[in-house]
>>> print(open('input-v7.csv').read())   # CSV, C-alpha atoms
chain,number,residue,atom,x,y,z
A,1,MET,CA,18.8,88.3,-27.6
A,2,ALA,CA,16.9,87.3,-24.5
A,3,SER,CA,14.0,86.0,-26.5
A,4,GLY,CA,16.4,84.1,-28.8
A,5,SER,CA,18.0,82.2,-25.9
A,6,GLU,CA,14.5,81.7,-24.3
A,7,ASN,CA,13.3,80.2,-27.6
A,8,GLY,CA,16.2,77.9,-27.8
A,9,GLU,CA,15.6,76.7,-24.2
A,10,ILE,CA,11.9,76.1,-24.8
A,11,ASN,CA,12.7,74.2,-27.9
A,12,MET,CA,15.3,72.1,-26.0
A,13,MET,CA,12.8,71.5,-23.2
A,14,GLU,CA,10.2,70.2,-25.6
A,15,GLN,CA,12.8,67.9,-27.2
A,16,VAL,CA,13.8,66.6,-23.8
A,17,GLN,CA,10.1,66.0,-22.8
A,18,SER,CA,9.4,64.1,-26.0
A,19,TRP,CA,12.5,62.0,-25.4
A,20,ILE,CA,11.5,61.3,-21.8
A,21,PHE,CA,8.0,60.2,-22.8
A,22,SER,CA,9.2,58.1,-25.7
A,23,HIS,CA,11.4,56.2,-23.2
A,24,VAL,CA,9.0,55.8,-20.3
A,25,LEU,CA,5.8,55.0,-22.1
A,26,ASP,CA,5.2,52.0,-24.4
A,27,ASN,CA,7.0,53.0,-27.6
A,28,HIS,CA,6.2,51.2,-30.9
A,29,ASP,CA,8.7,53.1,-33.0
A,30,TYR,CA,11.8,52.5,-30.9
A,31,VAL,CA,14.8,52.9,-33.2
A,32,ALA,CA,16.9,50.0,-31.8
A,33,LEU,CA,14.1,47.6,-32.4
A,34,GLY,CA,14.1,48.3,-36.2
A,35,PRO,CA,15.5,44.9,-37.3
A,36,LEU,CA,12.7,43.2,-35.4
A,37,LYS,CA,10.1,44.6,-37.7
A,38,VAL,CA,10.0,41.3,-39.6
A,39,LEU,CA,8.1,39.9,-36.7
A,40,VAL,CA,5.0,42.1,-37.4
A,41,LEU,CA,2.1,39.7,-37.6
A,42,ASP,CA,-0.7,42.0,-38.7
A,43,GLY,CA,-0.6,43.9,-41.9
A,44,LYS,CA,-1.5,47.3,-40.3
A,45,GLY,CA,0.9,50.2,-39.9
A,46,LYS,CA,1.5,49.8,-36.2
A,47,PHE,CA,4.5,47.8,-35.1
A,48,PRO,CA,3.3,45.5,-32.3
A,49,PHE,CA,6.6,44.5,-31.0
A,50,SER,CA,7.1,47.4,-28.7
A,51,LEU,CA,9.7,48.5,-26.2
A,52,HIS,CA,8.0,47.3,-23.1
A,53,LEU,CA,7.4,43.9,-24.6
A,54,PHE,CA,11.1,43.6,-25.5
A,55,ALA,CA,12.1,44.5,-22.0
A,56,LEU,CA,9.6,42.1,-20.5
A,57,ILE,CA,10.9,39.2,-22.6
A,58,ILE,CA,14.5,40.0,-21.5
A,59,GLY,CA,13.4,40.2,-17.8
A,60,VAL,CA,11.5,36.9,-18.0
A,61,LEU,CA,14.4,35.1,-19.7
A,62,PHE,CA,16.7,36.4,-17.0
A,63,LEU,CA,14.4,35.1,-14.3
A,64,PHE,CA,14.2,31.7,-16.1
A,65,TYR,CA,18.0,31.6,-16.3
A,66,LEU,CA,18.3,32.5,-12.6
A,67,PHE,CA,15.9,30.0,-11.3
A,68,LEU,CA,16.1,27.1,-13.7
A,69,VAL,CA,19.7,27.1,-14.6
A,70,ARG,CA,21.6,28.6,-11.6
A,71,TYR,CA,19.4,27.6,-8.7
A,72,ASN,CA,20.7,24.4,-7.1
A,73,ARG,CA,17.9,22.2,-5.9
A,74,ASP,CA,20.1,19.7,-4.3
A,75,THR,CA,18.7,19.5,-0.8
A,76,SER,CA,21.4,17.2,0.6
A,77,LYS,CA,24.0,20.0,1.0
A,78,ALA,CA,23.8,23.4,2.4
A,79,PRO,CA,23.1,26.1,-0.2
A,80,THR,CA,26.0,28.2,-1.4
A,81,GLY,CA,26.5,31.2,-3.6
A,82,ILE,CA,23.5,32.4,-5.6
A,83,THR,CA,21.3,29.6,-4.3
A,84,ASN,CA,21.9,30.8,-0.8
A,85,PHE,CA,21.0,34.4,-1.7
A,86,LEU,CA,17.9,33.5,-3.6
A,87,GLU,CA,16.7,31.0,-1.0
A,88,SER,CA,16.9,33.5,1.8
A,89,ILE,CA,14.5,35.7,-0.2
A,90,VAL,CA,12.3,32.8,-1.1
A,91,LEU,CA,12.0,31.8,2.6
A,92,PHE,CA,11.3,35.4,3.6
A,93,VAL,CA,8.4,35.6,1.1
A,94,ARG,CA,7.1,32.2,2.0
A,95,ASN,CA,7.2,32.5,5.8
A,96,ASP,CA,6.6,36.2,6.4
A,97,ILE,CA,4.0,36.8,3.7
A,98,CYS,CA,2.3,33.6,2.6
A,99,ILE,CA,2.2,31.5,5.8
A,100,GLU,CA,1.7,34.5,8.1
A,101,TYR,CA,-1.3,35.8,6.4
A,102,ILE,CA,-3.0,32.7,4.8
A,103,GLY,CA,-2.0,30.0,7.2
A,104,GLU,CA,0.1,26.8,6.9
A,105,ALA,CA,-1.8,24.6,4.4
A,106,ASP,CA,-3.2,27.3,2.0
A,107,GLY,CA,0.0,29.4,2.4
A,108,ARG,CA,2.2,26.6,1.2
A,109,ARG,CA,-0.2,25.9,-1.6
A,110,LEU,CA,-0.3,29.5,-2.9
A,111,ALA,CA,3.4,30.2,-2.2
A,112,PRO,CA,4.5,29.6,-5.8
A,113,TRP,CA,2.1,32.3,-7.0
A,114,PHE,CA,3.3,34.8,-4.5
A,115,LEU,CA,6.9,34.0,-5.2
A,116,THR,CA,6.4,34.5,-8.9
A,117,PHE,CA,4.8,37.8,-8.3
A,118,PHE,CA,7.5,39.0,-5.9
A,119,PHE,CA,10.4,38.0,-8.1
A,120,THR,CA,8.8,39.3,-11.3
A,121,ILE,CA,8.0,42.6,-9.9
A,122,ILE,CA,11.3,43.2,-8.2
A,123,THR,CA,13.3,42.1,-11.2
A,124,LEU,CA,11.3,44.3,-13.6
A,125,ASN,CA,11.5,47.2,-11.3
A,126,LEU,CA,15.3,47.0,-10.8
A,127,MET,CA,15.8,46.4,-14.6
A,128,GLY,CA,14.2,49.8,-15.3
A,129,LEU,CA,17.1,51.5,-13.4
A,130,ILE,CA,19.7,50.2,-15.8
A,131,PRO,CA,20.5,52.9,-18.3
A,132,GLY,CA,19.0,52.0,-21.7
A,133,PHE,CA,16.3,49.8,-20.3
A,134,THR,CA,12.7,50.6,-19.5
A,135,THR,CA,10.4,49.8,-16.7
A,136,VAL,CA,7.8,47.4,-17.7
A,137,THR,CA,5.9,47.8,-14.4
A,138,GLY,CA,5.6,51.5,-15.3
A,139,ASN,CA,3.0,50.4,-17.9
A,140,LEU,CA,-0.6,50.5,-16.6
A,141,MET,CA,-1.6,47.6,-18.8
A,142,PHE,CA,1.0,45.3,-17.3
A,143,THR,CA,0.2,46.1,-13.7
A,144,ALA,CA,-3.5,45.8,-14.6
A,145,ALA,CA,-2.8,42.3,-15.8
A,146,LEU,CA,-1.2,41.5,-12.4
A,147,GLY,CA,-4.3,43.0,-10.7
A,148,VAL,CA,-6.6,40.8,-12.8
A,149,VAL,CA,-4.7,37.7,-11.6
A,150,VAL,CA,-5.2,38.9,-8.0
A,151,PHE,CA,-8.9,39.4,-8.8
A,152,PHE,CA,-9.1,35.9,-10.2
A,153,PHE,CA,-7.6,34.5,-7.1
A,154,MET,CA,-10.0,36.5,-4.9
A,155,THR,CA,-13.1,35.2,-6.7
A,156,VAL,CA,-12.7,32.0,-8.8
A,157,TYR,CA,-10.1,30.3,-6.5
A,158,VAL,CA,-12.1,31.1,-3.3
A,159,VAL,CA,-15.3,29.9,-4.9
A,160,TRP,CA,-13.5,26.7,-6.0
A,161,ARG,CA,-12.3,26.1,-2.4
A,162,ASN,CA,-15.1,27.4,-0.2
A,163,GLY,CA,-18.1,27.2,-2.5
A,164,PRO,CA,-20.2,30.1,-3.5
A,165,MET,CA,-21.9,30.5,-0.1
A,166,GLY,CA,-18.5,30.4,1.5
A,167,TRP,CA,-17.2,33.2,-0.7
A,168,PHE,CA,-20.3,35.3,0.0
A,169,SER,CA,-20.1,34.8,3.8
A,170,ALA,CA,-16.7,36.5,3.7
A,171,PHE,CA,-18.5,39.8,3.0
A,172,VAL,CA,-21.1,39.6,5.7
A,173,PRO,CA,-19.6,40.8,9.0
A,174,HIS,CA,-20.8,39.4,12.2
A,175,GLY,CA,-22.6,41.3,14.9
A,176,VAL,CA,-24.1,44.1,12.9
A,177,PRO,CA,-27.8,44.8,12.6
A,178,LYS,CA,-29.5,43.5,9.5
A,179,ILE,CA,-30.3,46.9,8.0
A,180,ILE,CA,-26.6,47.8,7.9
A,181,LEU,CA,-25.9,44.5,6.1
A,182,LEU,CA,-27.9,45.7,3.1
A,183,LEU,CA,-25.5,48.6,2.8
A,184,VAL,CA,-22.2,46.9,3.7
A,185,THR,CA,-22.4,43.7,1.7
A,186,PRO,CA,-22.5,45.3,-1.8
A,187,LEU,CA,-19.8,47.7,-0.8
A,188,GLU,CA,-17.6,44.8,0.3
A,189,ILE,CA,-18.2,42.9,-2.9
A,190,LEU,CA,-17.4,46.1,-4.9
A,191,GLY,CA,-14.3,46.3,-2.7
A,192,VAL,CA,-12.9,43.1,-4.2
A,193,ALA,CA,-12.7,44.8,-7.6
A,194,ILE,CA,-11.5,48.1,-6.2
A,195,LYS,CA,-8.7,46.5,-4.1
A,196,SER,CA,-7.3,44.7,-7.2
A,197,LEU,CA,-7.4,47.8,-9.2
A,198,VAL,CA,-5.8,49.9,-6.5
A,199,LEU,CA,-3.0,47.4,-6.1
A,200,ALA,CA,-2.2,47.7,-9.8
A,201,LEU,CA,-2.5,51.5,-9.8
A,202,ARG,CA,-0.2,51.9,-6.8
A,203,LEU,CA,2.6,49.9,-8.3
A,204,PHE,CA,2.2,51.7,-11.7
A,205,ALA,CA,2.0,55.2,-10.2
A,206,ASN,CA,5.0,54.7,-7.9
A,207,LEU,CA,7.3,53.5,-10.7
A,208,LEU,CA,6.2,55.9,-13.4
A,209,ALA,CA,6.5,58.9,-11.1
A,210,GLY,CA,9.9,57.9,-9.9
A,211,HIS,CA,11.3,57.5,-13.3
A,212,LEU,CA,9.7,60.7,-14.6
A,213,VAL,CA,11.3,62.7,-11.7
A,214,LEU,CA,14.7,61.1,-12.4
A,215,PHE,CA,14.6,61.8,-16.1
A,216,ASN,CA,13.4,65.4,-15.5
A,217,MET,CA,16.3,66.0,-13.1
A,218,ILE,CA,18.7,64.9,-15.8
A,219,GLY,CA,16.8,66.9,-18.3
A,220,LEU,CA,17.4,70.0,-16.3
A,221,MET,CA,21.1,69.4,-16.8
A,222,VAL,CA,20.6,68.9,-20.5
A,223,VAL,CA,18.6,72.1,-21.0
A,224,PHE,CA,20.5,74.5,-18.7
A,225,GLY,CA,24.0,73.1,-19.0
A,226,VAL,CA,26.6,73.9,-16.4
A,227,ALA,CA,24.3,76.1,-14.4
A,228,ALA,CA,22.3,73.0,-13.3
A,229,ALA,CA,25.4,71.1,-12.0
A,230,PRO,CA,23.9,70.7,-8.4
A,231,ALA,CA,21.1,68.7,-10.1
A,232,ILE,CA,23.6,65.8,-10.3
A,233,PHE,CA,23.4,65.2,-6.6
A,234,LEU,CA,19.6,65.5,-6.6
A,235,ALA,CA,19.4,63.0,-9.4
A,236,LEU,CA,21.8,60.6,-7.5
A,237,PHE,CA,19.6,60.9,-4.4
A,238,VAL,CA,16.4,60.2,-6.4
A,239,PHE,CA,18.2,57.2,-8.1
A,240,PHE,CA,18.9,55.6,-4.7
A,241,LEU,CA,15.4,56.4,-3.6
A,242,GLU,CA,14.2,54.6,-6.7
A,243,ILE,CA,16.1,51.5,-5.7
A,244,LEU,CA,14.4,51.5,-2.3
A,245,VAL,CA,11.0,52.2,-3.8
A,246,SER,CA,11.4,49.3,-6.3
A,247,CYS,CA,12.1,46.7,-3.6
A,248,LEU,CA,9.5,48.2,-1.2
A,249,GLN,CA,6.7,48.2,-3.8
A,250,ALA,CA,7.3,44.6,-4.8
A,251,TYR,CA,7.0,43.7,-1.1
A,252,ILE,CA,3.9,45.8,-0.6
A,253,PHE,CA,2.2,44.4,-3.7
A,254,THR,CA,2.8,40.8,-2.6
A,255,MET,CA,1.9,41.5,1.0
A,256,LEU,CA,-1.4,43.2,0.2
A,257,ALA,CA,-2.3,40.5,-2.3
A,258,ALA,CA,-1.7,37.9,0.4
A,259,LEU,CA,-3.8,40.0,2.9
A,260,PHE,CA,-6.7,40.4,0.5
A,261,VAL,CA,-6.8,36.7,-0.5
A,262,ALA,CA,-6.6,35.7,3.2
A,263,GLN,CA,-9.5,38.0,4.0
A,264,VAL,CA,-11.7,36.3,1.5
A,265,LEU,CA,-10.4,32.8,1.9
A,266,HIS,CA,-10.4,32.7,5.7
A,267,PRO,CA,-12.8,35.3,7.0
A,268,GLU,CA,-12.2,35.9,10.6
A,269,HIS,CA,-15.2,35.4,12.8
B,1,MET,CA,-16.4,78.8,-22.9
B,2,SER,CA,-15.7,76.6,-25.9
B,3,LEU,CA,-13.1,73.9,-25.5
B,4,THR,CA,-10.6,75.1,-28.1
B,5,LEU,CA,-7.1,73.8,-28.0
B,6,ALA,CA,-5.9,77.2,-26.7
B,7,ALA,CA,-8.3,76.9,-23.7
B,8,ILE,CA,-7.1,73.4,-22.9
B,9,ASP,CA,-3.5,74.6,-23.1
B,10,SER,CA,-4.2,77.4,-20.6
B,11,ILE,CA,-5.2,74.9,-17.9
B,12,LYS,CA,-1.8,73.3,-17.8
B,13,PRO,CA,-0.5,75.5,-14.9
B,14,LEU,CA,-3.4,74.2,-12.8
B,15,ALA,CA,-2.1,70.7,-13.2
B,16,ALA,CA,1.2,71.8,-11.8
B,17,ILE,CA,-0.6,73.5,-8.9
B,18,GLY,CA,-2.5,70.3,-8.3
B,19,ALA,CA,0.7,68.3,-8.1
B,20,GLY,CA,2.0,70.7,-5.5
B,21,LEU,CA,-1.2,70.3,-3.4
B,22,VAL,CA,-0.9,66.5,-3.6
B,23,THR,CA,2.7,66.8,-2.2
B,24,ILE,CA,1.4,68.9,0.7
B,25,GLY,CA,-1.0,66.0,1.7
B,26,ALA,CA,1.7,63.3,1.3
B,27,GLY,CA,4.3,65.3,3.2
B,28,MET,CA,1.9,66.0,6.1
B,29,GLY,CA,0.8,62.4,6.3
B,30,ILE,CA,4.2,60.8,6.2
B,31,GLY,CA,5.6,63.4,8.6
B,32,ARG,CA,3.1,62.5,11.2
B,33,LEU,CA,3.8,58.8,10.6
B,34,ALA,CA,7.6,59.4,11.1
B,35,ALA,CA,7.0,61.4,14.3
B,36,SER,CA,4.9,58.6,15.8
B,37,ALA,CA,7.4,55.9,14.7
B,38,LEU,CA,10.3,57.9,16.2
B,39,GLU,CA,8.5,58.4,19.5
B,40,GLY,CA,7.7,54.7,19.6
B,41,ILE,CA,11.3,53.7,19.0
B,42,ALA,CA,12.4,56.2,21.7
B,43,ARG,CA,10.1,54.7,24.2
B,44,GLN,CA,10.9,51.1,23.5
B,45,PRO,CA,14.2,50.6,21.7
B,46,GLU,CA,13.9,46.8,21.6
B,47,ALA,CA,10.8,47.0,19.4
B,48,SER,CA,12.5,49.2,16.8
B,49,GLY,CA,12.6,46.4,14.2
B,50,LYS,CA,8.9,45.9,14.2
B,51,ILE,CA,8.2,49.6,14.3
B,52,GLN,CA,10.5,50.2,11.3
B,53,THR,CA,8.8,47.5,9.3
B,54,ALA,CA,5.3,48.9,10.0
B,55,MET,CA,6.6,52.5,9.3
B,56,LEU,CA,7.9,51.5,5.9
B,57,ILE,CA,4.7,49.7,4.9
B,58,ALA,CA,2.5,52.6,6.0
B,59,ALA,CA,4.7,55.1,4.2
B,60,ALA,CA,4.4,53.1,1.0
B,61,LEU,CA,0.6,53.0,1.3
B,62,ILE,CA,0.3,56.8,2.0
B,63,GLU,CA,2.7,57.5,-0.9
B,64,GLY,CA,0.5,55.3,-3.1
B,65,VAL,CA,-2.5,57.5,-2.5
B,66,ALA,CA,-0.5,60.6,-3.2
B,67,LEU,CA,0.8,59.2,-6.4
B,68,PHE,CA,-2.7,58.3,-7.7
B,69,CYS,CA,-3.4,62.0,-8.0
B,70,ALA,CA,0.1,62.8,-9.2
B,71,VAL,CA,-0.5,60.5,-12.1
B,72,ILE,CA,-3.8,62.3,-12.9
B,73,CYS,CA,-1.8,65.6,-12.8
B,74,ILE,CA,0.7,64.2,-15.2
B,75,MET,CA,-2.0,63.0,-17.6
B,76,SER,CA,-3.7,66.4,-17.6
B,77,PHE,CA,-0.5,68.3,-18.2
>>> encode(input="input-v7.csv", output="structure tokens")
Amino acid sequence: MASGSENGEINMMEQVQSWIFSHVLDNHDYVALGPLKVLVLDGKGKFPFSLHLFALIIGVLFLFYLFLVRYNRDTSKAPTGITNFLESIVLFVRNDICIEYIGEADGRRLAPWFLTFFFTIITLNLMGLIPGFTTVTGNLMFTAALGVVVFFFMTVYVVWRNGPMGWFSAFVPHGVPKIILLLVTPLEILGVAIKSLVLALRLFANLLAGHLVLFNMIGLMVVFGVAAAPAIFLALFVFFLEILVSCLQAYIFTMLAALFVAQVLHPEH
Amino acid sequence: MSLTLAAIDSIKPLAAIGAGLVTIGAGMGIGRLAASALEGIARQPEASGKIQTAMLIAAALIEGVALFCAVICIMSF
């Protein structure tokens, strides 16, 4: 009898694990997306319209609606309602992240990019907490794309503005003997690629881990039934922690991207 | 030892132990950070806003490092 119930529990645990991973990772066979199979463009067996792509499209459409339809750009009157709420966040990102790290002129010029990143990341993070949706930023390929954009801005944009020697002089610190420069400069140039990659990895790891913990807590209740009733409070606590982590990680990503671009664009001497 | 499927399956508990070790590092780091932040707020209550902001940022960075290895443990589980 003991081995029978143990077998049932282990079977249930495996089912719960497979459900969790099919909802957290990029799923190409998601059941609810069945009707969209007509959009398959290549003739191979894999269904390219996957779960994360679907959630990403919904999130981006929501952002377009929020900023193009509802945002009131009339500057003659004081902002009210949702314009007021969004504008306070926009001003926070522009003043406390862009202008503080990059300076007035370049900060204002690059502010649209940072605002796009901040609002995209925070919207996609918070969307993942809605039951039934999935976190697009929990996909390493998506955050790696964001990291590639940061890498582009740290190399091509800075070369375009400062010239190649200006870009290189950001990696040569002042006041060190020449023999150490031979060691430090390649490490600093490698650091550009490493910093972008680590930005992407930090965002991905934070969101994936948070959702896995939350789903596993709920999975405890599924597998063990009434005996795991206190897990409800733990899952609720982790849910609120996830809300905090979502907003915080969006701020951290934008702030570190601004810091890294400022270090290469305006090297302090 | 040949890498049969059974051998790889038997390494799974080590991934769980690794995840626990990562949590030790993260807990110690963030605990020290919280202690310093609380001491700073106790000494100068008027600087508590700045201290709180810096504390949250540093906590997110330390947790990021811990979660790098947590993801590796998840992948090898």
>>> closest_atom_pairs(input="input-v7.csv", of="chain B", to="chain A", cutoff="12 Å", atoms="all atoms listed in the file", output="JSON lines")
{"residue": "B:Ala19", "atom": "CA", "partner": "A:Ala209", "partner_atom": "CA", "distance": 11.4}
{"residue": "B:Thr53", "atom": "CA", "partner": "A:Leu248", "partner_atom": "CA", "distance": 10.5}
{"residue": "B:Ala54", "atom": "CA", "partner": "A:Ile252", "partner_atom": "CA", "distance": 11.1}
{"residue": "B:Met55", "atom": "CA", "partner": "A:Leu248", "partner_atom": "CA", "distance": 11.7}
{"residue": "B:Leu56", "atom": "CA", "partner": "A:Leu248", "partner_atom": "CA", "distance": 8.0}
{"residue": "B:Ile57", "atom": "CA", "partner": "A:Ile252", "partner_atom": "CA", "distance": 6.8}
{"residue": "B:Ala58", "atom": "CA", "partner": "A:Ile252", "partner_atom": "CA", "distance": 9.6}
{"residue": "B:Ala59", "atom": "CA", "partner": "A:Leu248", "partner_atom": "CA", "distance": 10.0}
{"residue": "B:Ala60", "atom": "CA", "partner": "A:Gln249", "partner_atom": "CA", "distance": 7.2}
{"residue": "B:Leu61", "atom": "CA", "partner": "A:Ile252", "partner_atom": "CA", "distance": 8.1}
{"residue": "B:Ile62", "atom": "CA", "partner": "A:Arg202", "partner_atom": "CA", "distance": 10.1}
{"residue": "B:Glu63", "atom": "CA", "partner": "A:Asn206", "partner_atom": "CA", "distance": 7.9}
{"residue": "B:Gly64", "atom": "CA", "partner": "A:Arg202", "partner_atom": "CA", "distance": 5.1}
{"residue": "B:Val65", "atom": "CA", "partner": "A:Arg202", "partner_atom": "CA", "distance": 7.4}
{"residue": "B:Ala66", "atom": "CA", "partner": "A:Ala205", "partner_atom": "CA", "distance": 9.2}
{"residue": "B:Leu67", "atom": "CA", "partner": "A:Ala205", "partner_atom": "CA", "distance": 5.6}
{"residue": "B:Phe68", "atom": "CA", "partner": "A:Ala205", "partner_atom": "CA", "distance": 6.2}
{"residue": "B:Cys69", "atom": "CA", "partner": "A:Ala205", "partner_atom": "CA", "distance": 9.0}
{"residue": "B:Ala70", "atom": "CA", "partner": "A:Ala209", "partner_atom": "CA", "distance": 7.7}
{"residue": "B:Val71", "atom": "CA", "partner": "A:Ala205", "partner_atom": "CA", "distance": 6.2}
{"residue": "B:Ile72", "atom": "CA", "partner": "A:Ala205", "partner_atom": "CA", "distance": 9.6}
{"residue": "B:Cys73", "atom": "CA", "partner": "A:Ala209", "partner_atom": "CA", "distance": 10.8}
{"residue": "B:Ile74", "atom": "CA", "partner": "A:Ala209", "partner_atom": "CA", "distance": 8.9}
{"residue": "B:Met75", "atom": "CA", "partner": "A:Ala209", "partner_atom": "CA", "distance": 11.5}
{"residue": "B:Phe77", "atom": "CA", "partner": "A:Gln17", "partner_atom": "CA", "distance": 11.8}
>>> atom_distance(input="input-v7.csv", atom1="atom CA of A:Ile218", atom2="atom CA of A:Ala235")
6.7 Å
>>> closest_residue(input="input-v7.csv", among="A:Leu234, A:Leu259, A:Leu265, A:Leu129", to="A:Cys98", atoms="all atoms listed in the file")
A:Leu259
>>> atom_distance(input="input-v7.csv", atom1="atom CA of A:Met154", atom2="atom CA of A:Phe260")
7.4 Å
>>> atom_distance(input="input-v7.csv", atom1="atom CA of A:Gly132", atom2="atom CA of A:Phe233")
20.5 Å
